[in-house]
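**Student:** This structure is in structure tokens; I'll ask about it shortly.
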4 protein chains.
Amino acid sequence: MRAYQLPKGGAGIDALHVFDRPMPKPQYRQVLVKVAACSLNFRDHMMVCGSYPMAVRENLVPLSDGAGEVVEIGPGVLRVKAGDKVAGCFFQRWPGGEPGPHLQAFALGGSIDGMLAEYVVLEEDGVVKLPAHLSLEEGAALPCAAVTAWHAMFHHAKLIAGQTVLLQGTGGVSIFGLQLAHAMGITAIVTSSSDEKLARAKALGAACGINYKTTPEWEKAAVTFNGGRGVDHVIEVGGPDSFLQSLQAIRIGGQINMVGYIGSKEGAINPLEILYRRATVRGIPVGSRESFEAMNRAIETNKMRPVIDKVFPWTDAVAAIRYMQKGKHFGKIILKF
Amino acid sequence: MRAYQLPKGGAGIDALHVFDRPMPKPQYRQVLVKVAACSLNFRDHMMVCGSYPMAVRENLVPLSDGAGEVVEIGPGVLRVKAGDKVAGCFFQRWPGGEPGPHLQAFALGGSIDGMLAEYVVLEEDGVVKLPAHLSLEEGAALPCAAVTAWHAMFHHAKLIAGQTVLLQGTGGVSIFGLQLAHAMGITAIVTSSSDEKLARAKALGAACGINYKTTPEWEKAAVTFNGGRGVDHVIEVGGPDSFLQSLQAIRIGGQINMVGYIGSKEGAINPLEILYRRATVRGIPVGSRESFEAMNRAIETNKMRPVIDKVFPWTDAVAAIRYMQKGKHFGKIILKF
Amino acid sequence: MRAYQLPKGGAGIDALHVFDRPMPKPQYRQVLVKVAACSLNFRDHMMVCGSYPMAVRENLVPLSDGAGEVVEIGPGVLRVKAGDKVAGCFFQRWPGGEPGPHLQAFALGGSIDGMLAEYVVLEEDGVVKLPAHLSLEEGAALPCAAVTAWHAMFHHAKLIAGQTVLLQGTGGVSIFGLQLAHAMGITAIVTSSSDEKLARAKALGAACGINYKTTPEWEKAAVTFNGGRGVDHVIEVGGPDSFLQSLQAIRIGGQINMVGYIGSKEGAINPLEILYRRATVRGIPVGSRESFEAMNRAIETNKMRPVIDKVFPWTDAVAAIRYMQKGKHFGKIILKF
Amino acid sequence: MRAYQLPKGGAGIDALHVFDRPMPKPQYRQVLVKVAACSLNFRDHMMVCGSYPMAVRENLVPLSDGAGEVVEIGPGVLRVKAGDKVAGCFFQRWPGGEPGPHLQAFALGGSIDGMLAEYVVLEEDGVVKLPAHLSLEEGAALPCAAVTAWHAMFHHAKLIAGQTVLLQGTGGVSIFGLQLAHAMGITAIVTSSSDEKLARAKALGAACGINYKTTPEWEKAAVTFNGGRGVDHVIEVGGPDSFLQSLQAIRIGGQINMVGYIGSKEGAINPLEILYRRATVRGIPVGSRESFEAMNRAIETNKMRPVIDKVFPWTDAVAAIRYMQKGKHFGKIILKF
């Protein structure tokens with residue numbers, strides 16, 4: 001079978017090539033999945049280009065997100081059977097509850113081989129069945145971005161109808177956050193540097209769009225839109241640059257769940273700003289399989305569909321990553337097998 | 001000012017008469033409300049007719065639900081001001097957190113005088129501002145039934161999009177439960193003895209309607225509809241009669257929040273049925289002001305409107321209660337001042 | 001290697017015999033444990049004698065509780081290594097979070113072979129390291145009874161110092177509940193039919209002992225002891241017989257976690273009794289590995305030791321079960337290899 | 001009656017004088033308390049000396065902490081009666097649940113007059129009955145420091161036996177945190193610049209004392225003591241100076257509850273440090289009356305006693321504040337009437 005390999009972290013986009021690899025075999029409580037589609041995350045780009053802060057194994061099969069069909073199950077498997085359509089969980093060993101000490105040691109397309117292969121072996125506890133109304137391409141869009149948004153908004157922040165979430169930009173996490181908020185009666189405020197993207201966000205249900213280029217004090221605009229009260233929750237994807245503004249956007253007692261640093265990794269705040277606003281600030285990692293399954297029930301019940309920007313053949317992975325690098329997309333970039 | 005009075009609990013519908021009473025005066029942290037509308041609950045009927053299990057004071061001003069305009073505030077009031085449109089909280093002294101030992105001592109239209117009066121004095125902590133898009137008649141529909149549904153489903157059961165709730169009948173609690181579920185991406189299954197009422201429930205967003213007359217094993221129909229999994233939550237309004245079926249309708253690990261006994265007060269179950277299903281069963285009282293306010297934000301954000309069956313002049317309270325007694329209504333019965 | 005086998009559920013104590021069985025081999029993410037000690041639970045007796053309500057596989061290796069040393073690990077194991085002293089989790093596939101649909105399919109000494117064998121293979125996710133100060137006999141006492149008490153009191157009831165728990169009898173769950181309560185500043189009330197056992201419970205930290213033979217209205221004695229307030233929590237091990245009294249023992253808003261039915265399986269209550277007391281009643285199964293690990297940290301920090309009544313050689317399992325049948329023990333009955 | 005008054009915030013210690021003031025009268029749901037003792041908090045010193053960040057009313061009666069006997073109740077009061085021994089709640093209008101928007105408007109000895117008076121009127125909902133075994137001087141020690149520690153550790157961090165808390169210094173919050181931890185089976189690590197104070201902390205139950213003068217990398221010493229795992233929770237009283245070290249002291253997934261800035265108000269951190277450790281960081285205000293009452297039950301059950309350093313006559317308030325300024329005390333400084 002064939003798979004992409006990255007010789008080492010930071011080797012660059014052009015270092016990605018397809019290789020023949022031995023067909024993997026599922027062991028006890030593992031399943032063999034024939035991959036039908038993958039999707040890209042900003043993390044994948046960072047790994048390839050060398051800005052990812054964690055170790056990347058040599059000759060890594062990249063990509064964290066993928067979906068396909070179970071074609072064989074190992075002994076002892078009960079949760080799925082051959083023929084099931086599944087997605088892989090970013091963390092292969094986090095079925096639910098507290099993430100354990102070995103969480104990062106089993107991150108798909110990072111510490112272990114990822115999804116950009118024709119066949120992959122995954123843990124029984126590391127796959128979820130897809131919502132019935134989704135295609136495999138749509139299912140491949142879910143694992144990192146959507147689960148992160150769900151885990152931040154519902155597992156941690158416990159947002160509920162009538163509350164307000166501020167979503168930064170129109171990357172994967174934010175767009176899924178917007179769609180989930182919309183389906184659940186939660187007000188979503190979206191920021192972007194592009195009025196066109198804001199218009200698309202509104203079409204997906206955003207109650208308010210703020211162009212942070214033309215409104216650099218977007219936190220004030222958010223508070224004003226929310227009747228002066230401040231928003232209940234921010235999913236912080238920007239990093240240190242935007243963090244202080246996020247703190248100023250929330251209400252007294254509001255929450256920030258930090259999931260990324262797409263802006264930059266540099267910057268500093270006085271932590272008393274957290275105290276003064278009686279805020280709760282968390283750093284969170286994607287989410288557990290339990291969160292993924294809960295989200296899938298919400299997606300299925302509400303007939304939600306991931307927003308897909310463009311579909312590439314999987315053998316055009318290099319072109320797809322370059323396309324992501326340009327930052328013009330709105331929604332997920334898919335690789336189809 | 002004028003108000004209805006019930007000479008004593010169980011005096012009967014015809015014993016209700018309008019009397020002149022002295023104009024009340026708000027003390028420290030109290031507010032004077034000019035009542036614009038009330039709504040009826042089954043509890044009111046029970047009190048008047050003598051089947052309510054708790055003590056009813058003599059010469060009670062009846063009714064728990066009402067809304068109006070603040071016309072005067074006592075000293076020390078900060079939460080509202082004259083001109084605010086408010087509803088009263090059923091429990092006047094439960095602002096939030098755990099209900100205290102004196103909860104029942106301050107229940108509107110039960111242990112203390114209720115809302116069927118031209119003017120009432122309420123605690124500052126016992127009123128909530130109404131959602132801006134609602135009329136005062138609509139606001140008067142909320143205090144008991146809607147807050148009970150909210151408190152059961154969100155404060156306690158913590159239902160979330162993708163889960164399923166079973167709602168018994170089409171009384172106030174169930175209809176509000178249905179509307180809230182619909183706005184929040186939760187699947188609602190409604191039971192009724194009337195196909196016509198089921199059709200109306202579906203129009204409000206019910207995913208499934210079960211006629212318990214023609215399908216006496218409604219719990220099996222609910223499980224089947226839910227893909228064999230059992231529902232996540234039942235709001236039990238029927239009482240001992242329906243309780244065992246409710247237990248059989250939920251999934252392993254599901255929840256029942258008991259709020260009433262509209263069927264009857266008699267019946268028994270083997271409590272091991274709770275253990276076998278690893279169920280959580282709670283008895284709950286309406287809800288706190290904090291729940292009421294959270295619900296109002298959800299109602300306002302989602303532009304929800306209470307379903308109103310019929311509006312009577314307040315001086316026709318006797319006719320209104322008789323109308324409720326017939327049980328043909330769908331939605332709240334309102335008394336307008 | 002040798003192991004006890006039960007030809008089928010209900011075959012009786014005398015049907016238990018030692019057989020030679022093939023040495024098991026750990027697969028992917030499994031570990032081989034050399035068993036050093038087991039402990040008995042009432043459940044084991046029920047299985048052997050035919051009163052257990054769930055299916056028991058043929059030629060079952062019985063017993064749910066055991067501890068030993070890891071002697072070999074399969075591929076992919078990270079959580080433990082050879083030489084670690086571990087206990088098995090009753091539910092082999094419940095690492096944390098919500099129990100899944102296959103929970104009961106992997107219950108040690110029930111749906112799958114148990115611990116009464118010289119060697120057992122367990123899931124990596126189905127073992128916990130023992131507190132360092134405990135012997136393997138003491139460690140073998142923990143899996144079912146202690147984890148059940150922990151899960152009921154802390155995962156679910158979230159008891160905290162200053163609250164009161166009522167513990168029925170002096171079986172394993174209740175004694176562990178008492179020890180945990182004592183270490184955590186929680187008031188424990190213990191019931192028993194034996195003044196001698198009550199004296200021992202007091203020596204372990206019980207604030208109050210009630211002899212339910214001489215004080216049949218033990219629920220009233222409990223309320224009186226607790227200053228008239230009612231207790232916060234009951235771990236219901238008695239079953240339907242004692243359930244109504246448990247409900248009457250708790251405060252308004254209190255909790256009952258049902259874990260067993262040592263009294264009998266027959267009896268009924270009016271479920272409105274739950275509503276009237278605004279109680280929360282749950283049926284709960286032992287607990288997750290996460291609960292087990294959290295408990296072990298509490299045990300280690302507080303240098304707690306399980307109460308052991310008597311230690312038998314493992315080859316005297318028949319005598320040990322007969323001894324349990326008499327019901328004169330106080331603390332766990334251990335089988336030592 | 002007589003009371004101390006501070007002409008304005010920052011007027012300085014010598015500006016404090018005793019004045020005659022009219023006897024206050026309890027209104028609806030208020031109580032009149034004859035003050036028997038007060039205690040000092042660092043906040044009081046900041047207010048008097050001008051470093052408190054919030055507005056201080058003119059001619060303020062200072063001090064947030066006090067206890068006494070109810071001598072008269074206003075109409076409508078149910079929670080207490082004349083003769084009850086009570087302490088005041090720092091936030092007079094936070095009975096439980098979420099703190100509302102007017103929280104800071106009713107802070108004793110800050111936005112409203114405080115406890116350094118012979119008689120004070122408090123809200124019915126703003127007093128708690130004292131644990132029966134405590135004197136009024138001991139009761140006066142509780143309102144700010146102890147409730148802050150309780151609210152941080154149990155309402156928010158939900159610490160449980162077997163977990164570890166790091167407490168900075170030996171001020172009021174930290175000492176109460178230590179005593180509560182000790183009573184509840186939680187490991188406490190205490191830092192201080194004084195070996196003598198560390199010795200006293202160990203006598204109160206601290207498992208580990210770290211002198212941050214001689215061990216400037218105290219966070220590493222804490223992690224080492226905790227078996228390399230990092231602590232579960234830090235109550236951050238130091239402020240920005242110590243915040244980064246606190247982050248480095250916690251385990252992955254650990255928590256910091258920020259309650260003060262005794263070190264300084266200046267300093268900055270990269271917020272990604274929060275993300276990298278998947279930490280939860282909260283800014284919290286003292287706590288609700290519900291927290292105070294829950295704590296009092298824990299104190300009473302465990303017969304805990306506040307550590308009192310020195311008792312001054314109330315008319316020596318100036319000397320008492322000067323004594324606090326020196327920072328040599330260990331435990332609370334009391335003013336007795």
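Each chain in the structure tokens gets a letter, A, B and so on, in the order shown; residues start at 1 in every chain, and ligands are counted from 1 in the order they appear.
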Which residues are near Ile210 in chain C? Cut-off 9 Å, only C-alpha atoms, ignore same chain within fewer than 3 positions. Put them as JSON, numbers by chain.

**Tutor:** {"C": [189, 190, 191, 192, 193, 195, 198, 213, 214, 215, 218, 221, 222]}

**Student:** Can you spit out the residues from that selection as a CSV table (one decimal), in the first residue's frame, using C-alpha atoms?

**Tutor:**
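Output saved as result15.csv:
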chain,number,residue,atom,x,y,z
C,189,ILE,CA,-23.5,6.9,60.4
C,190,VAL,CA,-23.4,3.1,60.3
C,191,THR,CA,-26.2,0.7,60.8
C,192,SER,CA,-25.8,-3.0,61.8
C,193,SER,CA,-27.7,-5.7,63.6
C,195,ASP,CA,-23.6,-4.0,68.6
C,198,LEU,CA,-21.1,-1.1,65.5
C,213,LYS,CA,-32.7,-4.7,65.2
C,214,THR,CA,-33.2,-2.8,68.4
C,215,THR,CA,-34.0,0.5,66.6
C,218,TRP,CA,-33.1,3.6,62.2
C,221,ALA,CA,-32.4,7.8,64.6
C,222,ALA,CA,-30.1,9.0,61.8

**Student:** Which residues are close to Pro62 in chain B, i.e. within 6 Å by only C-alpha atoms, leaving aside same-chain residues fewer than 4 positions away? Reply as a PDB file with C-alpha atoms, in the first residue's frame.

**Tutor:**
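Listed below is the output, around-v3.pdb:
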ATOM      1  CA  GLY B 109     -49.944  31.580  45.305  1.00  0.00           C
ATOM      2  CA  GLY B 114     -50.020  35.017  44.546  1.00  0.00           C
ATOM      3  CA  LEU B 116     -54.153  37.258  40.805  1.00  0.00           C
TER       4      LEU B 116
END

**Student:** Under the rule of at most 6 Å, produce a per-residue listing of chain A near chain D: chain, number, name, the closest pair of atoms, and the distance in Å, as a Markdown table, using only C-alpha atoms.

**Tutor:**
| residue | atom | partner | partner_atom | distance |
| --- | --- | --- | --- | --- |
| A:Pro240 | CA | D:Pro271 | CA | 5.9 |
| A:Gly267 | CA | D:Asn270 | CA | 5.6 |
| A:Ala268 | CA | D:Asn270 | CA | 4.2 |
| A:Ile269 | CA | D:Ala268 | CA | 4.8 |
| A:Asn270 | CA | D:Ala268 | CA | 4.2 |
| A:Pro271 | CA | D:Pro240 | CA | 5.9 |
| A:Ile274 | CA | D:Gly283 | CA | 5.6 |
| A:Leu275 | CA | D:Gly283 | CA | 3.7 |
| A:Arg278 | CA | D:Gly283 | CA | 4.1 |
| A:Ala279 | CA | D:Gly283 | CA | 5.5 |
| A:Thr280 | CA | D:Arg282 | CA | 4.4 |
| A:Val281 | CA | D:Val281 | CA | 5.1 |
| A:Arg282 | CA | D:Thr280 | CA | 4.4 |
| A:Gly283 | CA | D:Leu275 | CA | 3.7 |
| A:Ile284 | CA | D:Arg278 | CA | 5.2 |

**Student:** Using C-alpha atoms, can you write the selected residues to a file as a compact mmCIF listing (two decimals), in the first residue's frame?

**Tutor:**
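Final output, saved to again-v3.txt:
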# COMPACT_ATOMS: atom_id res chain seq x y z
CA PRO A 240 -0.68 35.82 22.75
CA GLY A 267 3.51 38.17 23.56
CA ALA A 268 2.75 38.62 27.22
CA ILE A 269 -0.03 39.72 29.53
CA ASN A 270 -0.27 40.65 33.16
CA PRO A 271 -2.04 37.65 34.70
CA ILE A 274 -7.48 37.33 34.51
CA LEU A 275 -8.17 38.04 38.18
CA ARG A 278 -12.76 36.80 37.35
CA ALA A 279 -12.18 34.92 34.14
CA THR A 280 -11.57 31.23 33.60
CA VAL A 281 -8.78 30.54 31.12
CA ARG A 282 -7.96 27.02 29.97
CA GLY A 283 -5.51 25.48 27.62
CA ILE A 284 -7.17 22.52 25.96

**Student:** Using only C-alpha atoms, determine which residues lie at most 7 Å from Asn296 in chain A, disregarding the query and same-chain residues fewer than 4 positions distant; provide the list as a ChimeraX atom specification.

**Tutor:** /A:130-131,292,300

**Student:** Using the chain letters and numbers from this document, which residues of range 121-268 of chain A does DSSP assign to strand (DSSP E or B), as JSON, numbers by chain?

**Tutor:** {"A": [121, 122, 123, 127, 128, 129, 164, 165, 166, 167, 168, 187, 188, 189, 190, 191, 192, 208, 209, 210, 211, 231, 232, 233, 234, 235, 236, 250, 251, 252, 253, 254, 255, 256, 257, 258]}
